[in-house]
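Dumped data_13.pdb below, it's PDB, C-alpha atoms:
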```
ATOM      1  CA  MET O   7     145.964 215.865 159.897  1.00  0.00           C
ATOM      2  CA  GLU O   8     149.575 214.741 159.598  1.00  0.00           C
ATOM      3  CA  ALA O   9     148.498 212.100 157.077  1.00  0.00           C
ATOM      4  CA  GLU O  10     146.835 214.721 154.854  1.00  0.00           C
ATOM      5  CA  LEU O  11     149.866 216.988 155.058  1.00  0.00           C
ATOM      6  CA  GLN O  12     152.172 214.119 154.117  1.00  0.00           C
ATOM      7  CA  GLU O  13     149.938 213.236 151.160  1.00  0.00           C
ATOM      8  CA  LEU O  14     150.122 216.851 149.997  1.00  0.00           C
ATOM      9  CA  ALA O  15     153.913 216.756 150.363  1.00  0.00           C
ATOM     10  CA  ASP O  16     154.078 213.566 148.282  1.00  0.00           C
ATOM     11  CA  HIS O  17     152.040 215.121 145.468  1.00  0.00           C
ATOM     12  CA  LEU O  18     154.163 218.275 145.560  1.00  0.00           C
ATOM     13  CA  ALA O  19     157.301 216.160 145.223  1.00  0.00           C
ATOM     14  CA  LYS O  20     155.828 214.599 142.065  1.00  0.00           C
ATOM     15  CA  HIS O  21     155.793 218.104 140.588  1.00  0.00           C
ATOM     16  CA  GLY O  22     159.524 218.329 141.240  1.00  0.00           C
ATOM     17  CA  LEU O  23     159.147 220.820 144.088  1.00  0.00           C
ATOM     18  CA  GLN O  24     161.337 220.809 147.177  1.00  0.00           C
ATOM     19  CA  VAL O  25     159.276 220.238 150.318  1.00  0.00           C
ATOM     20  CA  ALA O  26     160.368 220.728 153.922  1.00  0.00           C
ATOM     21  CA  HIS O  27     158.333 220.039 157.066  1.00  0.00           C
ATOM     22  CA  GLU O  28     159.744 223.098 158.770  1.00  0.00           C
ATOM     23  CA  GLY O  29     157.405 225.966 158.105  1.00  0.00           C
ATOM     24  CA  ALA O  30     157.121 228.797 160.606  1.00  0.00           C
ATOM     25  CA  ALA O  31     153.615 227.699 161.581  1.00  0.00           C
ATOM     26  CA  PRO O  32     152.838 224.286 163.104  1.00  0.00           C
ATOM     27  CA  GLN O  33     151.507 221.700 160.648  1.00  0.00           C
ATOM     28  CA  SER O  34     152.873 223.515 157.624  1.00  0.00           C
ATOM     29  CA  LEU O  35     155.176 222.925 154.668  1.00  0.00           C
ATOM     30  CA  ARG O  36     157.831 225.102 153.086  1.00  0.00           C
ATOM     31  CA  VAL O  37     157.599 224.542 149.320  1.00  0.00           C
ATOM     32  CA  THR O  38     160.353 225.788 147.002  1.00  0.00           C
ATOM     33  CA  HIS O  39     161.006 225.708 143.264  1.00  0.00           C
ATOM     34  CA  PRO O  40     164.096 223.491 142.718  1.00  0.00           C
ATOM     35  CA  LEU O  41     165.785 225.936 140.321  1.00  0.00           C
ATOM     36  CA  ASN O  42     164.787 229.243 141.889  1.00  0.00           C
ATOM     37  CA  ALA O  43     164.850 229.561 145.674  1.00  0.00           C
ATOM     38  CA  SER O  44     163.049 232.904 145.484  1.00  0.00           C
ATOM     39  CA  LEU O  45     159.956 231.010 144.319  1.00  0.00           C
ATOM     40  CA  SER O  46     158.883 229.675 147.675  1.00  0.00           C
ATOM     41  CA  ASP O  47     155.751 229.571 149.781  1.00  0.00           C
ATOM     42  CA  GLU O  48     154.588 228.243 153.106  1.00  0.00           C
ATOM     43  CA  ILE O  49     151.473 226.086 153.073  1.00  0.00           C
ATOM     44  CA  ALA O  50     149.640 225.765 156.375  1.00  0.00           C
ATOM     45  CA  MET O  51     146.556 223.878 157.531  1.00  0.00           C
ATOM     46  CA  ALA O  52     143.762 226.110 158.794  1.00  0.00           C
ATOM     47  CA  GLU O  53     140.135 225.239 159.526  1.00  0.00           C
ATOM     48  CA  GLY O  54     139.968 222.343 157.106  1.00  0.00           C
ATOM     49  CA  ARG O  55     141.792 224.101 154.270  1.00  0.00           C
ATOM     50  CA  TYR O  56     145.307 224.648 152.972  1.00  0.00           C
ATOM     51  CA  VAL O  57     146.370 228.302 152.885  1.00  0.00           C
ATOM     52  CA  THR O  58     149.533 230.134 151.838  1.00  0.00           C
ATOM     53  CA  ASP O  59     151.418 232.492 154.125  1.00  0.00           C
ATOM     54  CA  PHE O  60     149.700 235.337 152.250  1.00  0.00           C
ATOM     55  CA  GLY O  61     146.294 233.982 153.218  1.00  0.00           C
ATOM     56  CA  TYR O  62     145.396 232.544 149.798  1.00  0.00           C
ATOM     57  CA  GLU O  63     143.118 229.497 150.144  1.00  0.00           C
ATOM     58  CA  VAL O  64     144.508 226.679 148.013  1.00  0.00           C
ATOM     59  CA  GLY O  65     141.768 224.124 148.687  1.00  0.00           C
ATOM     60  CA  PRO O  66     140.192 221.804 151.279  1.00  0.00           C
ATOM     61  CA  PHE O  67     141.598 218.743 152.983  1.00  0.00           C
ATOM     62  CA  GLY O  68     140.864 215.642 150.924  1.00  0.00           C
ATOM     63  CA  GLU O  69     141.870 217.290 147.645  1.00  0.00           C
ATOM     64  CA  GLU O  70     145.622 217.027 148.113  1.00  0.00           C
ATOM     65  CA  ARG O  71     146.382 216.168 144.489  1.00  0.00           C
ATOM     66  CA  GLU O  72     144.408 219.148 143.179  1.00  0.00           C
ATOM     67  CA  CYS O  73     145.929 221.458 145.800  1.00  0.00           C
ATOM     68  CA  ALA O  74     149.430 220.325 144.836  1.00  0.00           C
ATOM     69  CA  GLY O  75     148.663 221.178 141.216  1.00  0.00           C
ATOM     70  CA  ARG O  76     147.541 224.683 142.165  1.00  0.00           C
ATOM     71  CA  ILE O  77     150.631 225.247 144.308  1.00  0.00           C
ATOM     72  CA  ALA O  78     152.883 223.993 141.510  1.00  0.00           C
ATOM     73  CA  HIS O  79     151.139 226.365 139.112  1.00  0.00           C
ATOM     74  CA  MET O  80     151.726 229.286 141.488  1.00  0.00           C
ATOM     75  CA  LEU O  81     155.408 228.390 141.757  1.00  0.00           C
ATOM     76  CA  ALA O  82     155.757 227.879 137.993  1.00  0.00           C
ATOM     77  CA  ALA O  83     156.561 224.182 138.326  1.00  0.00           C
ATOM     78  CA  THR O  84     155.658 221.545 135.741  1.00  0.00           C
ATOM     79  CA  PRO O  85     154.039 218.218 136.754  1.00  0.00           C
ATOM     80  CA  GLN O  86     156.079 215.064 136.279  1.00  0.00           C
ATOM     81  CA  GLY O  87     155.074 213.407 133.040  1.00  0.00           C
ATOM     82  CA  SER O  88     153.819 216.756 131.790  1.00  0.00           C
ATOM     83  CA  THR O  89     155.362 219.217 129.366  1.00  0.00           C
ATOM     84  CA  CYS O  90     156.235 222.881 129.146  1.00  0.00           C
ATOM     85  CA  TRP O  91     153.143 223.359 126.978  1.00  0.00           C
ATOM     86  CA  ILE O  92     150.339 225.548 128.325  1.00  0.00           C
ATOM     87  CA  PRO O  93     146.814 226.050 126.943  1.00  0.00           C
ATOM     88  CA  PRO O  94     145.846 229.215 125.040  1.00  0.00           C
ATOM     89  CA  SER O  95     145.475 232.320 127.183  1.00  0.00           C
ATOM     90  CA  GLY O  96     143.260 234.389 124.899  1.00  0.00           C
ATOM     91  CA  LEU O  97     139.502 234.540 124.485  1.00  0.00           C
ATOM     92  CA  ALA O  98     139.079 231.797 121.896  1.00  0.00           C
ATOM     93  CA  ALA O  99     139.973 228.134 121.486  1.00  0.00           C
ATOM     94  CA  GLU O 100     142.861 227.267 119.188  1.00  0.00           C
ATOM     95  CA  LEU O 101     143.711 224.328 116.945  1.00  0.00           C
ATOM     96  CA  THR O 102     146.872 222.802 118.404  1.00  0.00           C
ATOM     97  CA  PRO O 103     148.979 220.123 116.683  1.00  0.00           C
ATOM     98  CA  ALA O 104     149.143 216.756 118.400  1.00  0.00           C
ATOM     99  CA  GLY O 105     152.323 214.698 118.412  1.00  0.00           C
ATOM    100  CA  VAL O 106     154.513 217.533 119.705  1.00  0.00           C
ATOM    101  CA  HIS O 107     153.964 217.966 123.441  1.00  0.00           C
ATOM    102  CA  TRP O 108     151.266 215.315 123.724  1.00  0.00           C
ATOM    103  CA  ASP O 109     149.021 212.931 121.812  1.00  0.00           C
ATOM    104  CA  ALA O 110     145.270 212.877 122.347  1.00  0.00           C
ATOM    105  CA  CYS O 111     142.600 210.257 122.900  1.00  0.00           C
ATOM    106  CA  GLN O 112     139.103 211.430 121.963  1.00  0.00           C
ATOM    107  CA  VAL O 113     136.248 209.368 123.366  1.00  0.00           C
ATOM    108  CA  PRO O 114     132.509 209.750 122.613  1.00  0.00           C
ATOM    109  CA  ALA O 115     130.649 211.204 125.585  1.00  0.00           C
ATOM    110  CA  TYR O 116     128.514 208.083 126.138  1.00  0.00           C
ATOM    111  CA  LEU O 117     131.705 206.172 126.934  1.00  0.00           C
ATOM    112  CA  GLY O 118     133.920 209.067 128.013  1.00  0.00           C
ATOM    113  CA  ASP O 119     131.688 210.021 130.936  1.00  0.00           C
ATOM    114  CA  ARG O 120     131.960 206.492 132.319  1.00  0.00           C
ATOM    115  CA  VAL O 121     135.714 206.467 131.781  1.00  0.00           C
ATOM    116  CA  LEU O 122     136.110 209.805 133.565  1.00  0.00           C
ATOM    117  CA  ALA O 123     133.983 208.655 136.494  1.00  0.00           C
ATOM    118  CA  ARG O 124     136.000 205.461 136.838  1.00  0.00           C
ATOM    119  CA  LEU O 125     139.356 207.232 136.610  1.00  0.00           C
ATOM    120  CA  GLY O 126     138.280 209.764 139.220  1.00  0.00           C
ATOM    121  CA  ARG O 127     141.223 211.635 140.701  1.00  0.00           C
ATOM    122  CA  GLU O 128     143.643 209.544 138.644  1.00  0.00           C
ATOM    123  CA  SER O 129     142.525 211.304 135.481  1.00  0.00           C
ATOM    124  CA  GLY O 130     144.687 214.010 134.021  1.00  0.00           C
ATOM    125  CA  ALA O 131     143.335 217.054 132.209  1.00  0.00           C
ATOM    126  CA  VAL O 132     140.173 216.498 130.154  1.00  0.00           C
ATOM    127  CA  ILE O 133     138.585 218.619 127.438  1.00  0.00           C
ATOM    128  CA  ARG O 134     134.823 218.299 127.124  1.00  0.00           C
ATOM    129  CA  ASP O 135     133.157 219.236 123.834  1.00  0.00           C
ATOM    130  CA  PRO O 136     129.359 219.264 124.337  1.00  0.00           C
ATOM    131  CA  TYR O 137     128.763 220.189 120.695  1.00  0.00           C
ATOM    132  CA  GLY O 138     130.905 217.333 119.379  1.00  0.00           C
ATOM    133  CA  ARG O 139     129.761 215.078 122.237  1.00  0.00           C
ATOM    134  CA  ARG O 140     133.234 213.868 123.134  1.00  0.00           C
ATOM    135  CA  LEU O 141     135.899 214.009 125.825  1.00  0.00           C
ATOM    136  CA  THR O 142     139.600 214.357 125.079  1.00  0.00           C
ATOM    137  CA  TRP O 143     142.490 213.131 127.222  1.00  0.00           C
ATOM    138  CA  LEU O 144     146.057 214.334 126.622  1.00  0.00           C
ATOM    139  CA  ILE O 145     148.748 211.670 126.961  1.00  0.00           C
ATOM    140  CA  ASP O 146     152.463 211.232 126.276  1.00  0.00           C
ATOM    141  CA  PRO O 147     153.425 211.257 122.573  1.00  0.00           C
ATOM    142  CA  LEU O 148     153.398 207.775 120.996  1.00  0.00           C
ATOM    143  CA  ALA O 149     151.908 206.287 124.181  1.00  0.00           C
ATOM    144  CA  THR O 150     149.042 204.694 122.228  1.00  0.00           C
ATOM    145  CA  ARG O 151     151.305 202.600 120.013  1.00  0.00           C
ATOM    146  CA  GLY O 152     149.995 199.063 120.066  1.00  0.00           C
ATOM    147  CA  TRP O 153     146.448 200.063 120.936  1.00  0.00           C
ATOM    148  CA  ALA O 154     143.840 198.303 118.796  1.00  0.00           C
ATOM    149  CA  ILE O 155     140.571 200.173 119.091  1.00  0.00           C
ATOM    150  CA  PRO O 156     137.370 198.559 117.763  1.00  0.00           C
ATOM    151  CA  GLU O 157     135.710 200.870 115.253  1.00  0.00           C
ATOM    152  CA  ALA O 158     132.421 200.522 117.123  1.00  0.00           C
ATOM    153  CA  THR O 159     133.778 202.680 119.956  1.00  0.00           C
ATOM    154  CA  CYS O 160     134.347 205.683 117.636  1.00  0.00           C
ATOM    155  CA  ILE O 161     137.465 206.497 119.679  1.00  0.00           C
ATOM    156  CA  GLN O 162     140.055 208.611 117.863  1.00  0.00           C
ATOM    157  CA  LEU O 163     143.772 208.541 118.633  1.00  0.00           C
ATOM    158  CA  LEU O 164     145.404 211.767 117.465  1.00  0.00           C
ATOM    159  CA  SER O 165     149.118 212.288 116.897  1.00  0.00           C
ATOM    160  CA  THR O 166     151.462 213.854 114.327  1.00  0.00           C
ATOM    161  CA  ALA O 167     149.746 215.831 111.525  1.00  0.00           C
ATOM    162  CA  GLN O 168     146.465 215.931 113.456  1.00  0.00           C
ATOM    163  CA  HIS O 169     145.031 218.719 115.591  1.00  0.00           C
ATOM    164  CA  VAL O 170     143.005 219.198 118.768  1.00  0.00           C
ATOM    165  CA  THR O 171     140.749 222.135 119.626  1.00  0.00           C
ATOM    166  CA  GLU O 172     142.241 223.531 122.830  1.00  0.00           C
ATOM    167  CA  PRO O 173     140.094 225.890 124.919  1.00  0.00           C
ATOM    168  CA  PRO O 174     141.698 228.751 126.860  1.00  0.00           C
ATOM    169  CA  ALA O 175     143.031 227.759 130.274  1.00  0.00           C
ATOM    170  CA  TRP O 176     140.336 229.801 132.029  1.00  0.00           C
ATOM    171  CA  CYS O 177     137.442 228.168 130.157  1.00  0.00           C
ATOM    172  CA  THR O 178     135.943 225.534 132.464  1.00  0.00           C
ATOM    173  CA  ARG O 179     132.249 225.930 131.548  1.00  0.00           C
ATOM    174  CA  SER O 180     130.848 226.418 128.059  1.00  0.00           C
ATOM    175  CA  SER O 181     128.477 224.968 125.487  1.00  0.00           C
ATOM    176  CA  PHE O 182     131.595 224.511 123.345  1.00  0.00           C
ATOM    177  CA  ALA O 183     134.976 222.940 124.138  1.00  0.00           C
ATOM    178  CA  HIS O 184     136.093 223.591 127.721  1.00  0.00           C
ATOM    179  CA  TRP O 185     138.279 222.038 130.404  1.00  0.00           C
ATOM    180  CA  ALA O 186     136.377 219.492 132.490  1.00  0.00           C
ATOM    181  CA  ARG O 187     139.625 218.966 134.421  1.00  0.00           C
ATOM    182  CA  GLY O 188     142.161 221.766 134.190  1.00  0.00           C
ATOM    183  CA  TRP O 189     145.607 221.392 132.661  1.00  0.00           C
ATOM    184  CA  ALA O 190     147.496 223.251 135.398  1.00  0.00           C
ATOM    185  CA  GLU O 191     146.171 220.988 138.142  1.00  0.00           C
ATOM    186  CA  HIS O 192     146.129 217.645 136.334  1.00  0.00           C
ATOM    187  CA  GLY O 193     148.500 217.547 133.331  1.00  0.00           C
ATOM    188  CA  LEU O 194     148.825 214.400 131.219  1.00  0.00           C
ATOM    189  CA  THR O 195     146.927 211.186 131.879  1.00  0.00           C
ATOM    190  CA  ASP O 196     148.703 207.860 132.330  1.00  0.00           C
ATOM    191  CA  ALA O 197     148.047 206.258 128.929  1.00  0.00           C
ATOM    192  CA  ARG O 198     148.218 202.684 130.201  1.00  0.00           C
ATOM    193  CA  LEU O 199     145.667 203.390 132.910  1.00  0.00           C
ATOM    194  CA  LEU O 200     143.411 205.165 130.420  1.00  0.00           C
ATOM    195  CA  HIS O 201     143.606 202.177 128.076  1.00  0.00           C
ATOM    196  CA  VAL O 202     142.706 199.737 130.849  1.00  0.00           C
ATOM    197  CA  VAL O 203     139.715 201.816 131.948  1.00  0.00           C
ATOM    198  CA  ILE O 204     138.439 202.245 128.384  1.00  0.00           C
ATOM    199  CA  ARG O 205     138.607 198.480 127.931  1.00  0.00           C
ATOM    200  CA  ALA O 206     136.790 197.897 131.212  1.00  0.00           C
ATOM    201  CA  GLU O 207     134.031 200.402 130.473  1.00  0.00           C
ATOM    202  CA  HIS O 208     133.555 199.431 126.840  1.00  0.00           C
ATOM    203  CA  GLY O 209     133.480 195.707 127.526  1.00  0.00           C
ATOM    204  CA  PRO O 210     132.824 193.040 124.900  1.00  0.00           C
ATOM    205  CA  ARG O 211     130.350 193.904 122.170  1.00  0.00           C
ATOM    206  CA  GLU O 212     128.716 191.885 119.461  1.00  0.00           C
ATOM    207  CA  ARG O 213     131.252 190.856 116.785  1.00  0.00           C
ATOM    208  CA  GLU O 214     134.101 192.088 118.934  1.00  0.00           C
ATOM    209  CA  SER O 215     136.506 190.171 121.115  1.00  0.00           C
ATOM    210  CA  ARG O 216     138.896 191.212 123.833  1.00  0.00           C
ATOM    211  CA  ALA O 217     141.741 190.106 121.574  1.00  0.00           C
ATOM    212  CA  GLU O 218     141.108 193.188 119.457  1.00  0.00           C
ATOM    213  CA  TRP O 219     142.496 195.270 122.275  1.00  0.00           C
TER     214      TRP O 219
END
```
Can you dump the structure from the file as structure tokens?
Amino acid sequence: MEAELQELADHLAKHGLQVAHEGAAPQSLRVTHPLNASLSDEIAMAEGRYVTDFGYEVGPFGEERECAGRIAHMLAATPQGSTCWIPPSGLAAELTPAGVHWDACQVPAYLGDRVLARLGRESGAVIRDPYGRRLTWLIDPLATRGWAIPEATCIQLLSTAQHVTEPPAWCTRSSFAHWARGWAEHGLTDARLLHVVIRAEHGPRERESRAEW
């Protein structure tokens, strides 16, 4: 159990939170916002799950990264490599300009599903659009400079003067655009890792060479 708790502490530190192994309960962490000490919570291990000192269940053991994201969201912290941007909070999706807080990589579902499966827990937030049959990853602005994408993949790299349909933060299931992996828990995706996985899953195709990448 100590290994799981340490992994949770490591992920919390990546969100910029202060973590102390000195909670009131055994096998617990005291987590504090670095700029506001009043934003603090104790996270304890109980019956295979992480819970706050108010009894809120954060998530099960084995999902330390996701649990850290939820705790950071509760304490109003922003993931490292993320931005102060948050998704829409209303009832409808909104067109949001790329190139400001993030750029976007839109991948057709036939390829995107394989990329998402291969990335696994290393993937950041993902928007799934069943109608448009595509998945969208949000990455650091200008992070795709130097990418050469074969036209056959139908991948779109979106930046300044282009827009992305952003679903509300609560929308995780829909026949239209929704979050397949939530923003609050996962933030931006490592663009270099995404590029490597796309290359690996796409592979060589007729009339294409790896040099194109």
For CA of His27 (chain O) and CA of Tyr62 (chain O), determine how far apart the two atoms are, in Å to one decimal place. 19.4 Å
Specify as a PyMOL selection string each residue included when the PyMOL selection byres ((chain O and resi 35-37) around 9) is applied to this file. chain O and resi 11+15+18+23-34+38-39+45-50+77+81
Find the residues near Ala186 (chain O): any atom within 8 Å, counting only C-alpha atoms, skip ones fewer than 3 places away on the same chain, and give them as a PDB file with C-alpha atoms, in the coordinates of the input.
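around-v7.pdb was written with the following content:
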```pdb
ATOM      1  CA  ALA O 131     143.335 217.054 132.209  1.00  0.00           C
ATOM      2  CA  VAL O 132     140.173 216.498 130.154  1.00  0.00           C
ATOM      3  CA  ILE O 133     138.585 218.619 127.438  1.00  0.00           C
ATOM      4  CA  ARG O 134     134.823 218.299 127.124  1.00  0.00           C
ATOM      5  CA  THR O 178     135.943 225.534 132.464  1.00  0.00           C
ATOM      6  CA  ARG O 179     132.249 225.930 131.548  1.00  0.00           C
TER       7      ARG O 179
END
```
The PyMOL selection byres ((chain O and resi 110-115) around 7) - which residues does that actually catch in the file I just gave you? List them as an mmCIF file with C-alpha atoms, keeping the file's coordinate frame.
```
data_model
loop_
_atom_site.group_PDB
_atom_site.id
_atom_site.type_symbol
_atom_site.label_atom_id
_atom_site.label_comp_id
_atom_site.auth_asym_id
_atom_site.auth_seq_id
_atom_site.Cartn_x
_atom_site.Cartn_y
_atom_site.Cartn_z
ATOM 1 C CA ALA O 104 149.143 216.756 118.400
ATOM 2 C CA TRP O 108 151.266 215.315 123.724
ATOM 3 C CA ASP O 109 149.021 212.931 121.812
ATOM 4 C CA TYR O 116 128.514 208.083 126.138
ATOM 5 C CA LEU O 117 131.705 206.172 126.934
ATOM 6 C CA GLY O 118 133.920 209.067 128.013
ATOM 7 C CA ASP O 119 131.688 210.021 130.936
ATOM 8 C CA ARG O 139 129.761 215.078 122.237
ATOM 9 C CA ARG O 140 133.234 213.868 123.134
ATOM 10 C CA LEU O 141 135.899 214.009 125.825
ATOM 11 C CA THR O 142 139.600 214.357 125.079
ATOM 12 C CA TRP O 143 142.490 213.131 127.222
ATOM 13 C CA LEU O 144 146.057 214.334 126.622
ATOM 14 C CA ILE O 145 148.748 211.670 126.961
ATOM 15 C CA CYS O 160 134.347 205.683 117.636
ATOM 16 C CA ILE O 161 137.465 206.497 119.679
ATOM 17 C CA GLN O 162 140.055 208.611 117.863
ATOM 18 C CA LEU O 163 143.772 208.541 118.633
ATOM 19 C CA LEU O 164 145.404 211.767 117.465
ATOM 20 C CA SER O 165 149.118 212.288 116.897
#
```
Restricting to all atoms listed in the file, whichever of O:Asp146, O:Glu157, O:Glu207, O:Glu69 is closest to Leu194 (chain O) is O:Asp146
Atomic separation - CA of Leu101 (chain O) relative to CA of Thr171 (chain O), Å: 4.6 Å
Skip His79 (chain O) itself and residues of its chain fewer than 6 positions away, then list as a PyMOL selection string all residues within 10 Å of it, counting only C-alpha atoms. chain O and resi 21+73+85+189-191
Tell me, as an mmCIF file with C-alpha atoms, in the coordinates of the input, which residues lie within 8 Å of Glu10 (chain O), counting only C-alpha atoms; anything in the same chain fewer than 4 positions away does not count.
```cif
data_model
loop_
_atom_site.group_PDB
_atom_site.id
_atom_site.type_symbol
_atom_site.label_atom_id
_atom_site.label_comp_id
_atom_site.auth_asym_id
_atom_site.auth_seq_id
_atom_site.Cartn_x
_atom_site.Cartn_y
_atom_site.Cartn_z
ATOM 1 C CA LEU O 14 150.122 216.851 149.997
ATOM 2 C CA PHE O 67 141.598 218.743 152.983
ATOM 3 C CA GLY O 68 140.864 215.642 150.924
ATOM 4 C CA GLU O 70 145.622 217.027 148.113
#
```
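Considering the residues O:Pro156, O:Gly75, O:Gly22, O:Pro93 and counting only C-alpha atoms, His107 (chain O) has its shortest atom-to-atom contact with O:Pro93.
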So, with only C-alpha atoms as the atoms that count, which of O:Gly96, O:Pro103, O:Gly61, O:Pro136 lies closest to Ser180 (chain O)?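 Using only C-alpha atoms, the shortest distance to Ser180 (chain O) belongs to O:Pro136.
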Enter the distance from CA of Asp59 (chain O) to CA of Arg127 (chain O), in Å, rounded to one decimal.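 For CA of Asp59 (chain O) relative to CA of Arg127 (chain O), the distance reads 26.8 Å.
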Between O:Asp135, O:Val203, O:Gln12, O:Val57, smallest distance to Ala99 (chain O) by all atoms listed in the file belongs to O:Asp135
Report as a PyMOL selection string the residues that result from applying the PyMOL selection byres ((chain O and resi 198) around 12) to the structure here. chain O and resi 111+125+128-129+145-146+148-153+194-197+199-205
Which centre and which edge lengths, in Å to one decimal, describe the axis-aligned box that holds all listed atoms of region 162-165 of chain O after 5 Å is added on each side, as JSON?
```
{"center_x": 144.6, "center_y": 210.4, "center_z": 117.8, "size_x": 19.1, "size_y": 13.7, "size_z": 11.7}
```
Residue with smallest distance to Ala78 (chain O) - pool O:Pro94, O:Gly126, O:Pro66, O:Gly193, counting only C-alpha atoms: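 Among the listed residues, the smallest separation from Ala78 (chain O) belongs to O:Gly193.
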